[in-house]
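Heads up: the structure comes next, in structure tokens.
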Amino acid sequence: MSRPKPEPVHLVKGRRDAALRALVSGVPYIQFLGIEFDRRGDELTAVMRYDDKLIGNPLIPAIHGGVTAAFLEVAAIMELSWTLLWEEMEAGLIDLTGPETVLPRLPKTIDFTVDYLRSGLPRDAYARARVNRSGRRYASVHVEAWQDNRAKLFAQATGHFLMPDREE
């Protein structure tokens, strides 16, 4: 009995990238803020490219606090959604690459607490989220944001989310 040949790496990578693009393109605010996602395996890094429209106080200049909070929340929701999609996608239960792609519903924010640690400077920002707990109804996510140095965070947040029904 011979084992089936593994799927070529470029096809696996293409399927995963297409699924991430489909997930991100379903949220217009992500495009408005200029947030992109860098995927390495199952790990996502949110990247918010600098733009003058993100500045709240031009005298400092500093990224607006609402933009920082939105960036962190987007990173948390996308990480949580990607974690769920990854399991289903790798098990062959869903396909987000076809022409009739139906995106799963995103988790809903219950609460989101941001710690502003220093001013966000007028440059690109990065964020990574970690799912602390994810159950059928509820999830907890921690997210950290930095700019030039991963060890010098400019903001961090913890969010609690209501998970979408899985039967839909």
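So you can find residues: chains in the structure tokens are A, B, ... in the order shown, residues in each start at 1, and ligands are numbered from 1 in order.
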
Would you give me, as a CSV table (one decimal) with all heavy atoms, in the first residue's frame, the residues in range 6-126 of chain A that DSSP reads as strand (DSSP E or B)?
```csv
chain,number,residue,atom,x,y,z
A,35,ILE,N,-4.1,48.4,6.6
A,35,ILE,CA,-3.5,47.2,7.3
A,35,ILE,C,-3.4,46.0,6.3
A,35,ILE,O,-4.3,45.7,5.5
A,35,ILE,CB,-4.4,46.8,8.5
A,35,ILE,CG1,-4.6,48.0,9.4
A,35,ILE,CG2,-3.9,45.6,9.2
A,35,ILE,CD1,-5.6,47.7,10.5
A,36,GLU,N,-2.2,45.4,6.4
A,36,GLU,CA,-1.9,44.2,5.6
A,36,GLU,C,-1.5,43.1,6.6
A,36,GLU,O,-1.2,43.4,7.8
A,36,GLU,CB,-0.8,44.5,4.6
A,36,GLU,CG,-1.0,45.6,3.6
A,36,GLU,CD,0.2,46.0,2.9
A,36,GLU,OE1,1.3,45.6,3.3
A,36,GLU,OE2,0.1,46.9,2.0
A,37,PHE,N,-1.5,41.9,6.1
A,37,PHE,CA,-1.1,40.8,7.0
A,37,PHE,C,0.0,40.0,6.4
A,37,PHE,O,0.0,39.6,5.2
A,37,PHE,CB,-2.3,39.9,7.3
A,37,PHE,CG,-3.2,40.5,8.3
A,37,PHE,CD1,-4.2,41.3,7.8
A,37,PHE,CD2,-3.1,40.4,9.6
A,37,PHE,CE1,-5.1,42.0,8.6
A,37,PHE,CE2,-4.0,41.0,10.5
A,37,PHE,CZ,-5.0,41.8,10.0
A,38,ASP,N,1.1,39.8,7.1
A,38,ASP,CA,2.2,39.0,6.7
A,38,ASP,C,2.0,37.6,7.3
A,38,ASP,O,1.9,37.5,8.6
A,38,ASP,CB,3.5,39.6,7.2
A,38,ASP,CG,4.7,38.8,6.8
A,38,ASP,OD1,4.7,38.2,5.7
A,38,ASP,OD2,5.7,38.8,7.6
A,39,ARG,N,1.9,36.6,6.5
A,39,ARG,CA,1.7,35.2,7.0
A,39,ARG,C,2.9,34.4,6.9
A,39,ARG,O,3.5,34.3,5.8
A,39,ARG,CB,0.5,34.6,6.2
A,39,ARG,CG,0.1,33.2,6.8
A,39,ARG,CD,-0.9,32.5,5.8
A,39,ARG,NE,-0.3,32.2,4.5
A,39,ARG,CZ,0.6,31.2,4.3
A,39,ARG,NH1,0.9,30.4,5.3
A,39,ARG,NH2,1.1,30.9,3.1
A,40,ARG,N,3.3,33.8,8.0
A,40,ARG,CA,4.4,32.8,8.0
A,40,ARG,C,3.8,31.5,8.7
A,40,ARG,O,3.6,31.5,9.9
A,40,ARG,CB,5.6,33.3,8.8
A,40,ARG,CG,6.2,34.6,8.3
A,40,ARG,CD,7.0,34.4,7.1
A,40,ARG,NE,7.6,35.7,6.7
A,40,ARG,CZ,7.5,36.1,5.4
A,40,ARG,NH1,6.9,35.5,4.5
A,40,ARG,NH2,8.0,37.3,5.1
A,43,GLU,N,1.2,31.8,11.6
A,43,GLU,CA,1.4,33.0,12.3
A,43,GLU,C,1.1,34.2,11.5
A,43,GLU,O,1.6,34.3,10.4
A,43,GLU,CB,2.8,33.0,12.9
A,43,GLU,CG,3.1,34.3,13.7
A,43,GLU,CD,4.5,34.3,14.2
A,43,GLU,OE1,5.4,34.6,13.5
A,43,GLU,OE2,4.7,33.9,15.4
A,44,LEU,N,0.4,35.2,12.0
A,44,LEU,CA,0.0,36.4,11.3
A,44,LEU,C,0.7,37.6,12.0
A,44,LEU,O,0.7,37.7,13.3
A,44,LEU,CB,-1.5,36.7,11.3
A,44,LEU,CG,-2.4,35.7,10.5
A,44,LEU,CD1,-3.8,36.2,10.7
A,44,LEU,CD2,-1.9,35.6,9.1
A,45,THR,N,1.2,38.5,11.2
A,45,THR,CA,1.7,39.8,11.8
A,45,THR,C,0.9,40.9,11.0
A,45,THR,O,0.9,40.9,9.8
A,45,THR,CB,3.2,40.0,11.5
A,45,THR,OG1,3.9,39.0,12.2
A,45,THR,CG2,3.6,41.4,12.1
A,46,ALA,N,0.2,41.7,11.7
A,46,ALA,CA,-0.5,42.8,11.1
A,46,ALA,C,0.5,43.9,10.9
A,46,ALA,O,1.3,44.2,11.7
A,46,ALA,CB,-1.7,43.3,12.0
A,47,VAL,N,0.4,44.5,9.7
A,47,VAL,CA,1.3,45.6,9.4
A,47,VAL,C,0.4,46.8,8.9
A,47,VAL,O,-0.4,46.7,8.0
A,47,VAL,CB,2.2,45.3,8.2
A,47,VAL,CG1,3.1,46.4,7.8
A,47,VAL,CG2,3.0,44.0,8.5
A,48,MET,N,0.5,48.0,9.7
A,48,MET,CA,-0.2,49.2,9.3
A,48,MET,C,0.8,50.2,8.7
A,48,MET,O,1.6,50.7,9.5
A,48,MET,CB,-0.9,49.8,10.5
A,48,MET,CG,-1.8,51.0,10.2
A,48,MET,SD,-2.9,51.5,11.5
A,48,MET,CE,-1.7,52.0,12.7
A,55,ILE,N,-2.5,60.2,11.7
A,55,ILE,CA,-2.0,61.1,12.7
A,55,ILE,C,-3.2,61.8,13.4
A,55,ILE,O,-4.0,62.4,12.8
A,55,ILE,CB,-1.0,62.2,12.1
A,55,ILE,CG1,0.2,61.5,11.5
A,55,ILE,CG2,-0.6,63.2,13.2
A,55,ILE,CD1,1.0,60.7,12.6
A,56,GLY,N,-3.1,61.8,14.8
A,56,GLY,CA,-4.2,62.5,15.6
A,56,GLY,C,-3.7,63.8,16.0
A,56,GLY,O,-4.4,64.8,16.0
A,57,ASN,N,-2.5,63.9,16.4
A,57,ASN,CA,-1.9,65.2,16.9
A,57,ASN,C,-0.7,65.6,16.0
A,57,ASN,O,0.4,65.0,16.2
A,57,ASN,CB,-1.5,65.1,18.4
A,57,ASN,CG,-1.0,66.4,18.9
A,57,ASN,OD1,-0.7,67.3,18.2
A,57,ASN,ND2,-0.9,66.5,20.2
A,62,ALA,N,1.7,62.2,16.4
A,62,ALA,CA,1.5,60.8,17.0
A,62,ALA,C,0.3,60.2,16.3
A,62,ALA,O,-0.7,60.9,15.9
A,62,ALA,CB,1.2,60.9,18.5
A,63,ILE,N,0.3,58.9,16.1
A,63,ILE,CA,-0.8,58.1,15.6
A,63,ILE,C,-2.0,58.3,16.5
A,63,ILE,O,-1.9,58.2,17.7
A,63,ILE,CB,-0.5,56.7,15.4
A,63,ILE,CG1,0.6,56.5,14.3
A,63,ILE,CG2,-1.7,55.8,15.0
A,63,ILE,CD1,1.1,55.1,14.1
A,108,LYS,N,-17.6,38.7,17.4
A,108,LYS,CA,-18.1,40.1,17.9
A,108,LYS,C,-17.4,40.5,19.2
A,108,LYS,O,-17.2,39.7,20.1
A,108,LYS,CB,-19.6,40.0,18.1
A,108,LYS,CG,-20.4,39.6,17.0
A,108,LYS,CD,-20.8,40.7,16.1
A,108,LYS,CE,-21.9,40.3,15.1
A,108,LYS,NZ,-21.4,40.2,13.8
A,109,THR,N,-17.0,41.7,19.2
A,109,THR,CA,-16.2,42.2,20.4
A,109,THR,C,-17.2,42.4,21.6
A,109,THR,O,-18.2,43.0,21.4
A,109,THR,CB,-15.6,43.6,20.1
A,109,THR,OG1,-14.7,43.4,18.9
A,109,THR,CG2,-14.8,44.1,21.2
A,110,ILE,N,-16.8,41.8,22.7
A,110,ILE,CA,-17.6,42.0,23.9
A,110,ILE,C,-17.0,43.2,24.7
A,110,ILE,O,-17.7,44.1,25.1
A,110,ILE,CB,-17.5,40.7,24.8
A,110,ILE,CG1,-18.2,39.6,24.1
A,110,ILE,CG2,-18.1,41.0,26.2
A,110,ILE,CD1,-18.0,38.2,24.8
A,111,ASP,N,-15.7,43.1,24.9
A,111,ASP,CA,-14.9,44.3,25.4
A,111,ASP,C,-13.5,44.3,24.9
A,111,ASP,O,-13.0,43.2,24.5
A,111,ASP,CB,-15.0,44.3,27.0
A,111,ASP,CG,-14.2,43.1,27.6
A,111,ASP,OD1,-13.0,43.0,27.4
A,111,ASP,OD2,-14.9,42.3,28.3
A,112,PHE,N,-12.9,45.4,24.9
A,112,PHE,CA,-11.5,45.5,24.4
A,112,PHE,C,-10.8,46.6,25.2
A,112,PHE,O,-11.2,47.8,25.2
A,112,PHE,CB,-11.6,45.9,22.9
A,112,PHE,CG,-10.3,45.6,22.2
A,112,PHE,CD1,-10.0,44.3,21.9
A,112,PHE,CD2,-9.5,46.6,21.8
A,112,PHE,CE1,-8.8,44.0,21.2
A,112,PHE,CE2,-8.3,46.4,21.1
A,112,PHE,CZ,-7.9,45.1,20.8
A,113,THR,N,-9.8,46.3,25.9
A,113,THR,CA,-9.1,47.2,26.8
A,113,THR,C,-7.7,47.4,26.2
A,113,THR,O,-6.9,46.5,26.0
A,113,THR,CB,-8.9,46.6,28.2
A,113,THR,OG1,-10.2,46.3,28.7
A,113,THR,CG2,-8.2,47.6,29.1
A,114,VAL,N,-7.4,48.7,25.9
A,114,VAL,CA,-6.1,49.1,25.3
A,114,VAL,C,-5.2,49.8,26.4
A,114,VAL,O,-5.7,50.6,27.1
A,114,VAL,CB,-6.3,50.0,24.1
A,114,VAL,CG1,-4.9,50.5,23.5
A,114,VAL,CG2,-7.2,49.4,23.1
A,115,ASP,N,-4.0,49.4,26.4
A,115,ASP,CA,-2.9,50.1,27.2
A,115,ASP,C,-2.0,50.8,26.3
A,115,ASP,O,-1.4,50.2,25.4
A,115,ASP,CB,-2.1,49.1,28.0
A,115,ASP,CG,-2.9,48.2,29.0
A,115,ASP,OD1,-3.8,48.8,29.6
A,115,ASP,OD2,-2.5,47.0,29.2
A,116,TYR,N,-2.1,52.1,26.3
A,116,TYR,CA,-1.2,53.0,25.5
A,116,TYR,C,0.1,53.2,26.3
A,116,TYR,O,0.1,53.8,27.3
A,116,TYR,CB,-1.9,54.3,25.2
A,116,TYR,CG,-3.2,54.2,24.5
A,116,TYR,CD1,-4.4,54.2,25.1
A,116,TYR,CD2,-3.2,54.1,23.1
A,116,TYR,CE1,-5.6,54.0,24.4
A,116,TYR,CE2,-4.4,53.9,22.4
A,116,TYR,CZ,-5.6,53.9,23.1
A,116,TYR,OH,-6.8,53.8,22.4
A,125,ALA,N,3.6,50.4,11.7
A,125,ALA,CA,3.4,49.7,12.9
A,125,ALA,C,3.1,48.2,12.7
A,125,ALA,O,2.6,47.9,11.6
A,125,ALA,CB,2.3,50.4,13.7
A,126,TYR,N,3.4,47.4,13.7
A,126,TYR,CA,3.2,46.0,13.6
A,126,TYR,C,2.5,45.5,14.8
A,126,TYR,O,2.7,46.0,15.9
A,126,TYR,CB,4.6,45.3,13.5
A,126,TYR,CG,5.5,45.9,12.4
A,126,TYR,CD1,6.4,46.9,12.7
A,126,TYR,CD2,5.4,45.4,11.1
A,126,TYR,CE1,7.2,47.5,11.7
A,126,TYR,CE2,6.2,46.0,10.1
A,126,TYR,CZ,7.1,47.0,10.4
A,126,TYR,OH,7.8,47.6,9.5
```

In terms of only C-alpha atoms, the residue from A:Leu85, A:Leu54, A:Ile94, A:Val131 at minimal distance from Phe71 in chain A is A:Leu54

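Each of A:Glu73, A:Asp17, A:Glu90, A:Glu7 was compared to Glu144 in chain A using only C-alpha atoms, and A:Glu73 turns out to be the nearest.
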
Atom pair CA of Arg21 in chain A + CA of Ala70 in chain A, distance 19.1 Å

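With only C-alpha atoms as the atoms that count, the residue of A:Thr158, A:Ser119, A:Ser2, A:Gln31 with the shortest distance to Ile60 in chain A is A:Ser119.
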
Using only C-alpha atoms, the residue out of A:Tyr138, A:Phe154, A:Phe32, A:Trp82 with shortest distance to Arg49 in chain A is A:Phe32

inquiry  = Can you tell me, as a ChimeraX atom specification, which residues in range 20-139 of chain A count as helix (DSSP H, G or I) by DSSP?
reply    = /A:20-25,28-33,52-54,65-90

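Our summary of the geometry notes that CA of Gly41 in chain A is positioned 16.9 Å from CA of Ala22 in chain A.
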
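Rounded to one decimal, CA of Pro164 in chain A and CA of Leu11 in chain A lie 29.1 Å from each other.
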
Can you pull out the residues contacting Leu84 in chain A? Cut-off 12 Å, using only C-alpha atoms, and skip same-chain residues under 2 positions away; I want them as a PyMOL selection string. chain A and resi 19-20+23+42+77-82+86-91+93-94+104-107+131+134-136+139+163-164+166

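Compared by their closest atoms to Asp124 in chain A, and using only C-alpha atoms, the residues A:Asn149, A:Tyr50, A:Gly66, A:Pro58 rank with A:Tyr50 nearest.
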